[in-house]
Amino acid sequence: MAREGAREERDGTEPTVTLAGRYEILPERPLPALASPTAPAFAVRDARDPSRRLFALLCSKKLPFREETLMALRRLSRPQLMPPLEWGLVDWPAEEPWRGRGPAIVFEMPGGGRLMPSLSAAIPPVADDVLTRNVIRPILAGLRELAGIGVSHGAIRPDNMFYRSDPAGDVILGENCSAPPGFAQPVLFVPIEAGMCSPGGRGPGSVAEDLYALGVTLLLLLLGRNPLQDLDDHAIVAAKIGQGSFAAIAGQARISAGMTELLRGLLADNVNGRWTFDQLSAWVDGRRLSPNPPNLPPRAGRPFPFDGAEYWTRPALAHAMARSWDKAIDVARSGQVEPWLRRSFGDIRRAKALESAASFLRDASAAGRAEHALVAWALMALHPEAPVRYRDFATRLDSLGPALAAGFDRPGAVQHFVEMIDSKLGSAWMELQGENRIDFVPVRKTLDMVRYFLDRPGPGFSIERCLYELNPGVPCRSPLLEEEYVSKLSELLPALNRVAARVDHEREPMDRHIAAFIAARAKTLLDRDLAALGSSAEVYRQRLAVLRLLAAAEKASAAAERPALLTWLAAFARPIVDSYQYRPYRAVLLREIGRIVERGRIADLVRLLENEEMRRRDTDGLARAKIQYAMTRREVAWLEEDGMTAPDRVARLANRAAAATSTTTAGFVLFGLVLRLAF
């Protein structure tokens with residue numbers, strides 16, 4: 001994170017939120033015309049240069065923003081996009097969902113407006129030469145420079161392009177850092193397979209996908225409108241599958257031969273046939289290339305009937321089944337897909353794989369889950385290039401983490417993610433590709449890791465651990481931190497210190513999310529403490545485990561006094577103190593805890609409370625006290641039961657006393673006789 005910001009309110013002026021001690025964000029001056037799909041925009045005043053025209057985007061608190069991309073953009077020498085000036089955490093005063101601490105990014109305001117105010121708006125069609133000179137050339141230069149630093153844009157569309165100064169000049173790309181790559185990109189602007197994914201599941205983005213989005217953008221600017229604005233996402237994908245992307249979007253529009261050549265190249269649905277930077281540069285320089293024919297999927301000899309329609313290609317049928325999942329269950333169970341694959345396409349290998357999967361899944365114990373897994377298998381066999389789809393969850397395997405993060409609050413999405421992993425659909429997808437690719441190695445490791453954590457239900461593991469292990473930049477989703485933004489371990493304790501100042505100290509400073517966040521971000525192995533946290537051990541052991549986990553987080557934080565947090569932890573640690581039986585020990589511990597609260601660290605508190613020597617002496621002393629107590633209780637009971645005055649005991653003791661007295665008396669008499677005889 002760059003720098004942090006604070007809220008200010010000057011006398012006689014509107015309230016501001018200051019970032020990096022310089023940029024004053026104005027919460028009461030929103031700028032809807034500059035907002036991004038997941039980030040509202042607000043006016044900004046530069047304290048050093050009030051004449052500058054700036055604005056800020058307030059990012060979502062539940063999604064990671066692209067901080068690494070922001071740092072990379074600063075290295076660009078000739079950026080063809082709005083340059084970010086500063087970013088960091090600010091304390092936002094507005095109501096939910098933005099209230100509290102969250103990230104903001106400050107940009108220079110573009111000189112002109114958007115190329116299209118919205119994707120539903122109509123504009124005058126842009127002429128071919130203007131499009132080439134003012135759009136293609138500058139955007140190509142910008143994309144080349146982004147590719148040079150290993151960054152894809154992921155948000156190319158006409159309502160995210162701005163005129164640099166006026167409508168007659170060059171254009172620049174809008175921001176691409178307020179959300180994960182491609183997260184807010186409409187389905188129209190992504191290739192077919194990416195359009196099938198859940199939000200966040202499209203992958204990290206690529207140059208090829210940026211060029212595809214550029215092709216769609218150019219086509220809309222040529223037409224002056226979005227011809228598919230009345231279709232939903234499923235219908236757009238279906239149209240692209242059936243006609244090819246260019247034909248589906250262009251329809252019957254009259255487009256020049258040169259532009260048709262360009263658009264067919266950029267909108268090739270097969271990524272291997274899509275134009276590259278070099279081909280696009282050659283076209284811009286005047287070279288005419290052979291037009292790419294549409295790469296449509298092969299048609300079957302006879303259609304496959306499903307849900308009242310007939311489907312002639314495998315991708316079209318797979319997409320329709322994914323859209324009507326419950327109806328697809330009956331089709332998958334009927335076994336009709338396998339013979340259609342064999343007879344219509346000669347696809348024996350995938351038909352056999354589907355048949356084997358069906359046989360195995362029919363015998364599976366979890367019948368309901370097996371039915372869904374069988375549909376997923378059928379979709380993969382029909383369209384292997386598509387993402388893994390399971391009910392309403394669909395993702396590329398290199399984007400499991402962002403897909404999980406984006407769907408974490410969506411009803412059913414987490415459960416479907418878990419069932420998809422348990423059904424081993426990721427491994428099945430890789431097997432159906434028919435090749436052992438080198439890029440599958442890290443994917444297999446990721447899937448193994450996810451299954452390992454899901455098999456361990458305790459705190460610090462399970463789905464929460466998967467969320468943070470798969471998303472290095474995602475903020476902690478603990479309810480305790482709902483007004484905070486903690487994406488790094490170093491930010492956790494400062495945030496908890498602020499929370500401690502306003503939370504009831506009866507509440508525990510740890511939950512499943514915080515435990516998983518620490519375990520995923522810490523550089524030490526914490527399994528012992530996590531096991532104690534989730535065990536049925538004594539309360540004091542569980543609370544010691546909490547303190548040790550927070551001490552592990554403290555190692556990543558800068559040294560600082562945190563009196564509010566330590567006061568909270570002191571109250572939380574009281575059961576640990578009370579677990580000592582020896583009162584002087586408890587008094588010593590309470591006195592030392594008070595000193596640590598005034599000026600100390602969590603590690604000091606842990607060392608004090610887990611003193612093994614004191615614990616051993618306390619345990620041994622308690623054991624000795626119990627033995628002494630038991631002995632005393634027996635004596636008291638004996639006395640209470642007239643043990644001392646019982647008749648048989650009195651007679652027995654009297655006889656013993658008489659015998660002893662007689663013996664003693666006889667001894668003295670005998671001793672006297674001996675003396676007498678001697679003298």
# chains A, B, ... in the order shown; residues from 1 in each chain; ligands from 1

call {"tool": "residues_around", "arguments": {"residues": "Thr260 in chain A", "least_positions_apart": "4", "cutoff": "9 Å", "atoms": "only C-alpha atoms", "output": "VMD selection string"}}
result
chain A and resid 246 255 to 256 264 to 265 291

call {"tool": "write_last_selection", "arguments": {"atoms": "C-alpha atoms", "output": "compact mmCIF listing (two decimals), in the first residue's frame"}}
result
# COMPACT_ATOMS: atom_id res chain seq x y z
CA PHE A 246 -17.58 -10.68 -35.87
CA ILE A 255 -18.28 -2.08 -43.24
CA SER A 256 -15.40 -1.29 -45.58
CA ARG A 264 -12.05 -10.34 -38.46
CA GLY A 265 -8.43 -10.56 -37.41
CA PRO A 291 -8.71 -12.00 -44.15

call {"tool": "residues_around", "arguments": {"residues": "Leu85 in chain A", "least_positions_apart": "3", "cutoff": "9 Å", "atoms": "only C-alpha atoms", "output": "PDB file with all heavy atoms, in the first residue's frame"}}
result
ATOM      1  N   ARG A  74       3.612   3.438 -13.148  1.00  0.00           N
ATOM      2  CA  ARG A  74       4.465   4.592 -12.870  1.00  0.00           C
ATOM      3  C   ARG A  74       5.774   4.540 -13.662  1.00  0.00           C
ATOM      4  O   ARG A  74       6.450   5.551 -13.821  1.00  0.00           O
ATOM      5  CB  ARG A  74       4.780   4.668 -11.382  1.00  0.00           C
ATOM      6  CG  ARG A  74       3.655   5.275 -10.567  1.00  0.00           C
ATOM      7  CD  ARG A  74       4.071   5.452  -9.127  1.00  0.00           C
ATOM      8  NE  ARG A  74       3.144   6.331  -8.425  1.00  0.00           N
ATOM      9  CZ  ARG A  74       3.201   6.572  -7.132  1.00  0.00           C
ATOM     10  NH1 ARG A  74       4.133   6.006  -6.390  1.00  0.00           N
ATOM     11  NH2 ARG A  74       2.343   7.384  -6.552  1.00  0.00           N
ATOM     12  N   ILE A 105      -7.736   5.740  -5.296  1.00  0.00           N
ATOM     13  CA  ILE A 105      -6.709   6.001  -6.307  1.00  0.00           C
ATOM     14  C   ILE A 105      -6.984   7.370  -6.912  1.00  0.00           C
ATOM     15  O   ILE A 105      -8.116   7.663  -7.311  1.00  0.00           O
ATOM     16  CB  ILE A 105      -6.719   4.936  -7.417  1.00  0.00           C
ATOM     17  CG1 ILE A 105      -6.721   3.522  -6.827  1.00  0.00           C
ATOM     18  CG2 ILE A 105      -5.520   5.114  -8.343  1.00  0.00           C
ATOM     19  CD1 ILE A 105      -6.935   2.435  -7.866  1.00  0.00           C
ATOM     20  N   VAL A 106      -5.959   8.203  -6.988  1.00  0.00           N
ATOM     21  CA  VAL A 106      -6.086   9.542  -7.562  1.00  0.00           C
ATOM     22  C   VAL A 106      -5.515   9.547  -8.971  1.00  0.00           C
ATOM     23  O   VAL A 106      -4.410   9.045  -9.212  1.00  0.00           O
ATOM     24  CB  VAL A 106      -5.362  10.581  -6.687  1.00  0.00           C
ATOM     25  CG1 VAL A 106      -5.387  11.958  -7.354  1.00  0.00           C
ATOM     26  CG2 VAL A 106      -6.008  10.659  -5.310  1.00  0.00           C
ATOM     27  N   PHE A 107      -6.283  10.117  -9.918  1.00  0.00           N
ATOM     28  CA  PHE A 107      -5.885  10.212 -11.318  1.00  0.00           C
ATOM     29  C   PHE A 107      -5.962  11.656 -11.792  1.00  0.00           C
ATOM     30  O   PHE A 107      -6.695  12.470 -11.219  1.00  0.00           O
ATOM     31  CB  PHE A 107      -6.834   9.387 -12.215  1.00  0.00           C
ATOM     32  CG  PHE A 107      -6.830   7.915 -11.971  1.00  0.00           C
ATOM     33  CD1 PHE A 107      -7.709   7.350 -11.056  1.00  0.00           C
ATOM     34  CD2 PHE A 107      -5.963   7.080 -12.661  1.00  0.00           C
ATOM     35  CE1 PHE A 107      -7.730   5.992 -10.841  1.00  0.00           C
ATOM     36  CE2 PHE A 107      -5.979   5.721 -12.454  1.00  0.00           C
ATOM     37  CZ  PHE A 107      -6.855   5.169 -11.540  1.00  0.00           C
ATOM     38  N   GLU A 108      -5.221  11.931 -12.866  1.00  0.00           N
ATOM     39  CA  GLU A 108      -5.441  13.177 -13.585  1.00  0.00           C
ATOM     40  C   GLU A 108      -6.720  13.047 -14.396  1.00  0.00           C
ATOM     41  O   GLU A 108      -6.974  12.021 -15.007  1.00  0.00           O
ATOM     42  CB  GLU A 108      -4.259  13.482 -14.504  1.00  0.00           C
ATOM     43  CG  GLU A 108      -3.037  14.002 -13.782  1.00  0.00           C
ATOM     44  CD  GLU A 108      -2.015  14.560 -14.747  1.00  0.00           C
ATOM     45  OE1 GLU A 108      -2.371  14.770 -15.934  1.00  0.00           O
ATOM     46  OE2 GLU A 108      -0.874  14.770 -14.319  1.00  0.00           O
TER      47      GLU A 108
END

call {"tool": "select_by_dssp", "arguments": {"residues": "range 251-494 of chain A", "states": "alpha helix (DSSP H)", "output": "JSON list (two decimals) with C-alpha atoms, in the first residue's frame"}}
result
[["chain", "number", "residue", "atom", "x", "y", "z"],
["A", 257, "ALA", "CA", -13.18, -4.12, -46.79],
["A", 258, "GLY", "CA", -10.16, -2.79, -44.92],
["A", 259, "MET", "CA", -12.00, -2.54, -41.63],
["A", 260, "THR", "CA", -13.63, -5.92, -42.16],
["A", 261, "GLU", "CA", -10.17, -7.44, -42.56],
["A", 262, "LEU", "CA", -8.99, -5.77, -39.36],
["A", 263, "LEU", "CA", -12.04, -6.73, -37.31],
["A", 264, "ARG", "CA", -12.05, -10.34, -38.46],
["A", 265, "GLY", "CA", -8.43, -10.56, -37.41],
["A", 266, "LEU", "CA", -8.98, -9.06, -33.97],
["A", 277, "PHE", "CA", 0.61, -6.66, -32.26],
["A", 278, "ASP", "CA", 2.80, -7.19, -35.31],
["A", 279, "GLN", "CA", -0.13, -7.97, -37.59],
["A", 280, "LEU", "CA", -2.09, -5.00, -36.26],
["A", 281, "SER", "CA", 0.95, -2.73, -36.76],
["A", 282, "ALA", "CA", 1.35, -3.99, -40.31],
["A", 283, "TRP", "CA", -2.30, -3.19, -41.04],
["A", 284, "VAL", "CA", -1.93, 0.31, -39.56],
["A", 314, "ARG", "CA", -21.01, -29.18, -29.31],
["A", 315, "PRO", "CA", -20.29, -25.71, -27.81],
["A", 316, "ALA", "CA", -23.86, -24.57, -28.50],
["A", 317, "LEU", "CA", -25.33, -27.61, -26.75],
["A", 318, "ALA", "CA", -22.92, -27.27, -23.81],
["A", 319, "HIS", "CA", -23.80, -23.60, -23.38],
["A", 320, "ALA", "CA", -27.53, -24.33, -23.47],
["A", 321, "MET", "CA", -27.18, -27.13, -20.90],
["A", 322, "ALA", "CA", -25.13, -24.89, -18.60],
["A", 323, "ARG", "CA", -27.87, -22.27, -18.83],
["A", 325, "TRP", "CA", -28.76, -26.89, -15.43],
["A", 326, "ASP", "CA", -31.67, -28.72, -13.84],
["A", 327, "LYS", "CA", -33.00, -29.86, -17.21],
["A", 328, "ALA", "CA", -29.47, -30.91, -18.22],
["A", 329, "ILE", "CA", -29.42, -33.41, -15.34],
["A", 330, "ASP", "CA", -31.99, -35.62, -17.08],
["A", 331, "VAL", "CA", -30.05, -35.47, -20.36],
["A", 332, "ALA", "CA", -26.76, -36.35, -18.66],
["A", 333, "ARG", "CA", -28.34, -39.26, -16.77],
["A", 334, "SER", "CA", -29.99, -40.60, -19.92],
["A", 337, "VAL", "CA", -24.66, -37.31, -25.09],
["A", 338, "GLU", "CA", -22.07, -40.10, -25.50],
["A", 339, "PRO", "CA", -23.53, -41.67, -28.68],
["A", 340, "TRP", "CA", -24.09, -38.21, -30.19],
["A", 341, "LEU", "CA", -20.40, -37.44, -29.71],
["A", 342, "ARG", "CA", -19.42, -40.75, -31.31],
["A", 343, "ARG", "CA", -21.74, -40.74, -34.30],
["A", 344, "SER", "CA", -21.79, -37.06, -35.19],
["A", 345, "PHE", "CA", -18.14, -36.13, -34.52],
["A", 348, "ILE", "CA", -14.56, -41.60, -29.27],
["A", 349, "ARG", "CA", -12.05, -40.60, -26.58],
["A", 350, "ARG", "CA", -14.22, -37.97, -24.91],
["A", 351, "ALA", "CA", -17.34, -40.14, -25.33],
["A", 352, "LYS", "CA", -15.59, -42.97, -23.49],
["A", 353, "ALA", "CA", -14.39, -40.60, -20.79],
["A", 354, "LEU", "CA", -17.93, -39.32, -20.28],
["A", 355, "GLU", "CA", -19.30, -42.87, -20.22],
["A", 356, "SER", "CA", -16.73, -43.93, -17.59],
["A", 357, "ALA", "CA", -17.49, -40.86, -15.50],
["A", 358, "ALA", "CA", -21.22, -41.56, -15.71],
["A", 359, "SER", "CA", -20.71, -45.14, -14.57],
["A", 360, "PHE", "CA", -18.58, -44.03, -11.63],
["A", 361, "LEU", "CA", -20.84, -41.17, -10.58],
["A", 362, "ARG", "CA", -24.00, -43.28, -10.74],
["A", 367, "ALA", "CA", -26.41, -38.96, -5.35],
["A", 368, "GLY", "CA", -27.44, -35.30, -5.60],
["A", 369, "ARG", "CA", -23.88, -34.07, -5.95],
["A", 370, "ALA", "CA", -23.07, -36.86, -8.40],
["A", 371, "GLU", "CA", -25.83, -35.70, -10.73],
["A", 372, "HIS", "CA", -24.37, -32.21, -10.84],
["A", 373, "ALA", "CA", -20.88, -33.58, -11.38],
["A", 374, "LEU", "CA", -22.19, -35.67, -14.26],
["A", 375, "VAL", "CA", -23.59, -32.57, -15.95],
["A", 376, "ALA", "CA", -20.23, -30.83, -15.46],
["A", 377, "TRP", "CA", -18.48, -33.82, -17.09],
["A", 378, "ALA", "CA", -20.87, -33.68, -20.04],
["A", 379, "LEU", "CA", -20.18, -29.96, -20.55],
["A", 380, "MET", "CA", -16.42, -30.56, -20.50],
["A", 381, "ALA", "CA", -16.71, -33.40, -23.01],
["A", 382, "LEU", "CA", -18.82, -31.24, -25.33],
["A", 400, "LEU", "CA", -9.88, -20.17, -8.81],
["A", 401, "GLY", "CA", -8.95, -17.55, -6.22],
["A", 402, "PRO", "CA", -10.48, -14.46, -7.84],
["A", 403, "ALA", "CA", -13.60, -16.48, -8.72],
["A", 404, "LEU", "CA", -13.96, -17.54, -5.08],
["A", 405, "ALA", "CA", -13.36, -13.98, -3.82],
["A", 406, "ALA", "CA", -15.92, -12.51, -6.22],
["A", 407, "GLY", "CA", -18.55, -15.09, -5.27],
["A", 413, "ALA", "CA", -21.39, -19.84, -4.72],
["A", 414, "VAL", "CA", -19.07, -21.04, -1.94],
["A", 415, "GLN", "CA", -20.92, -24.34, -1.61],
["A", 416, "HIS", "CA", -20.72, -24.89, -5.35],
["A", 417, "PHE", "CA", -17.00, -24.10, -5.28],
["A", 418, "VAL", "CA", -16.48, -26.71, -2.55],
["A", 419, "GLU", "CA", -18.53, -29.33, -4.41],
["A", 420, "MET", "CA", -16.63, -28.62, -7.61],
["A", 421, "ILE", "CA", -13.31, -29.24, -5.82],
["A", 422, "ASP", "CA", -14.63, -32.35, -4.03],
["A", 425, "LEU", "CA", -13.61, -31.57, -11.83],
["A", 426, "GLY", "CA", -10.39, -29.60, -12.22],
["A", 427, "SER", "CA", -8.39, -32.80, -12.69],
["A", 428, "ALA", "CA", -11.06, -34.12, -15.06],
["A", 429, "TRP", "CA", -10.84, -30.95, -17.18],
["A", 430, "MET", "CA", -7.08, -31.32, -17.53],
["A", 431, "GLU", "CA", -7.43, -34.98, -18.54],
["A", 432, "LEU", "CA", -9.97, -34.11, -21.21],
["A", 440, "PHE", "CA", -0.95, -27.76, -15.70],
["A", 441, "VAL", "CA", 1.74, -28.43, -13.06],
["A", 442, "PRO", "CA", 1.03, -25.35, -10.88],
["A", 443, "VAL", "CA", -2.71, -25.88, -11.37],
["A", 444, "ARG", "CA", -2.47, -29.43, -9.98],
["A", 445, "LYS", "CA", -0.50, -28.13, -6.99],
["A", 446, "THR", "CA", -3.15, -25.49, -6.37],
["A", 447, "LEU", "CA", -5.96, -28.04, -6.53],
["A", 448, "ASP", "CA", -4.12, -30.34, -4.09],
["A", 449, "MET", "CA", -3.61, -27.42, -1.69],
["A", 450, "VAL", "CA", -7.28, -26.44, -1.86],
["A", 451, "ARG", "CA", -8.44, -30.00, -1.18],
["A", 452, "TYR", "CA", -6.03, -30.21, 1.78],
["A", 453, "PHE", "CA", -7.48, -27.09, 3.40],
["A", 454, "LEU", "CA", -11.08, -28.03, 2.67],
["A", 462, "SER", "CA", -11.43, -24.72, 5.37],
["A", 463, "ILE", "CA", -12.87, -22.26, 2.84],
["A", 464, "GLU", "CA", -11.51, -19.17, 4.62],
["A", 465, "ARG", "CA", -7.94, -20.43, 4.29],
["A", 466, "CYS", "CA", -8.55, -21.15, 0.59],
["A", 467, "LEU", "CA", -9.76, -17.57, 0.10],
["A", 468, "TYR", "CA", -6.56, -16.04, 1.46],
["A", 469, "GLU", "CA", -4.09, -18.59, 0.08],
["A", 470, "LEU", "CA", -5.51, -18.21, -3.43],
["A", 492, "LEU", "CA", -3.84, -6.27, 10.79],
["A", 493, "LEU", "CA", -2.76, -5.11, 14.26],
["A", 494, "PRO", "CA", -3.08, -1.37, 13.52]]

call {"tool": "closest_residue", "arguments": {"among": "A:Gln336, A:Gly286, A:Lys555, A:Glu145", "to": "Phe306 in chain A", "atoms": "only C-alpha atoms"}}
result
A:Gln336

call {"tool": "select_by_dssp", "arguments": {"residues": "range 39-172 of chain A", "states": "strand (DSSP E or B)", "output": "PyMOL selection string"}}
result
chain A and resi 39+41-46+54-58+81+84-92+100-108+114+161-163+171-172

call {"tool": "residues_around", "arguments": {"residues": "range 169-176 of chain A", "least_positions_apart": "2", "cutoff": "10 Å", "atoms": "only C-alpha atoms", "output": "VMD selection string"}}
result
chain A and resid 34 to 36 57 65 to 66 69 to 70 79 to 84 105 107 110 to 115 130 to 131 133 to 139 142 to 143 152 to 167 178 to 184

call {"tool": "atom_distance", "arguments": {"atom1": "CA of Leu73 in chain A", "atom2": "CA of Val207 in chain A"}}
result
16.0 Å

call {"tool": "residues_around", "arguments": {"residues": "Asn295 in chain A", "least_positions_apart": "4", "cutoff": "10 Å", "atoms": "only C-alpha atoms", "output": "PyMOL selection string"}}
result
chain A and resi 241+243-245+268-270+273

call {"tool": "write_last_selection", "arguments": {"atoms": "all heavy atoms", "output": "mmCIF file, in the first residue's frame"}}
result
data_model
loop_
_atom_site.group_PDB
_atom_site.id
_atom_site.type_symbol
_atom_site.label_atom_id
_atom_site.label_comp_id
_atom_site.auth_asym_id
_atom_site.auth_seq_id
_atom_site.Cartn_x
_atom_site.Cartn_y
_atom_site.Cartn_z
ATOM 1 N N ILE A 241 -21.184 -18.073 -30.432
ATOM 2 C CA ILE A 241 -20.914 -19.482 -30.742
ATOM 3 C C ILE A 241 -21.505 -19.847 -32.092
ATOM 4 O O ILE A 241 -20.864 -20.518 -32.913
ATOM 5 C CB ILE A 241 -21.492 -20.391 -29.633
ATOM 6 C CG1 ILE A 241 -20.708 -20.223 -28.330
ATOM 7 C CG2 ILE A 241 -21.447 -21.857 -30.066
ATOM 8 C CD1 ILE A 241 -21.323 -20.955 -27.156
ATOM 9 N N GLN A 243 -22.521 -17.857 -34.698
ATOM 10 C CA GLN A 243 -22.173 -17.092 -35.894
ATOM 11 C C GLN A 243 -20.709 -16.687 -35.958
ATOM 12 O O GLN A 243 -20.230 -16.270 -37.020
ATOM 13 C CB GLN A 243 -23.024 -15.811 -35.948
ATOM 14 C CG GLN A 243 -24.524 -16.052 -35.878
ATOM 15 C CD GLN A 243 -25.293 -14.745 -35.750
ATOM 16 O OE1 GLN A 243 -25.102 -13.815 -36.538
ATOM 17 N NE2 GLN A 243 -26.156 -14.665 -34.745
ATOM 18 N N GLY A 244 -19.995 -16.781 -34.868
ATOM 19 C CA GLY A 244 -18.677 -16.181 -34.776
ATOM 20 C C GLY A 244 -18.819 -14.764 -34.246
ATOM 21 O O GLY A 244 -19.840 -14.093 -34.464
ATOM 22 N N SER A 245 -17.808 -14.281 -33.534
ATOM 23 C CA SER A 245 -17.918 -12.986 -32.862
ATOM 24 C C SER A 245 -18.167 -11.846 -33.837
ATOM 25 O O SER A 245 -19.027 -10.987 -33.604
ATOM 26 C CB SER A 245 -16.652 -12.707 -32.044
ATOM 27 O OG SER A 245 -16.560 -13.586 -30.943
ATOM 28 N N ALA A 268 -11.110 -12.958 -34.081
ATOM 29 C CA ALA A 268 -11.027 -14.411 -34.307
ATOM 30 C C ALA A 268 -11.282 -15.127 -32.985
ATOM 31 O O ALA A 268 -10.648 -14.839 -31.964
ATOM 32 C CB ALA A 268 -9.656 -14.779 -34.867
ATOM 33 N N ASP A 269 -12.211 -16.070 -33.011
ATOM 34 C CA ASP A 269 -12.565 -16.768 -31.771
ATOM 35 C C ASP A 269 -11.505 -17.775 -31.345
ATOM 36 O O ASP A 269 -11.385 -18.078 -30.161
ATOM 37 C CB ASP A 269 -13.921 -17.455 -31.938
ATOM 38 C CG ASP A 269 -15.055 -16.443 -32.067
ATOM 39 O OD1 ASP A 269 -15.073 -15.487 -31.269
ATOM 40 O OD2 ASP A 269 -15.893 -16.589 -32.972
ATOM 41 N N ASN A 270 -10.752 -18.274 -32.295
ATOM 42 C CA ASN A 270 -9.621 -19.133 -31.972
ATOM 43 C C ASN A 270 -8.420 -18.246 -31.674
ATOM 44 O O ASN A 270 -7.962 -17.496 -32.524
ATOM 45 C CB ASN A 270 -9.308 -20.072 -33.147
ATOM 46 C CG ASN A 270 -8.218 -21.073 -32.800
ATOM 47 O OD1 ASN A 270 -7.428 -20.869 -31.882
ATOM 48 N ND2 ASN A 270 -8.178 -22.173 -33.537
ATOM 49 N N GLY A 273 -5.587 -17.935 -34.064
ATOM 50 C CA GLY A 273 -5.819 -17.223 -35.311
ATOM 51 C C GLY A 273 -6.037 -15.736 -35.132
ATOM 52 O O GLY A 273 -6.198 -15.008 -36.122
#

call {"tool": "atom_distance", "arguments": {"atom1": "CA of Glu435 in chain A", "atom2": "CA of His383 in chain A"}}
result
15.5 Å

call {"tool": "atom_distance", "arguments": {"atom1": "CA of Tyr23 in chain A", "atom2": "CA of Trp92 in chain A"}}
result
14.0 Å
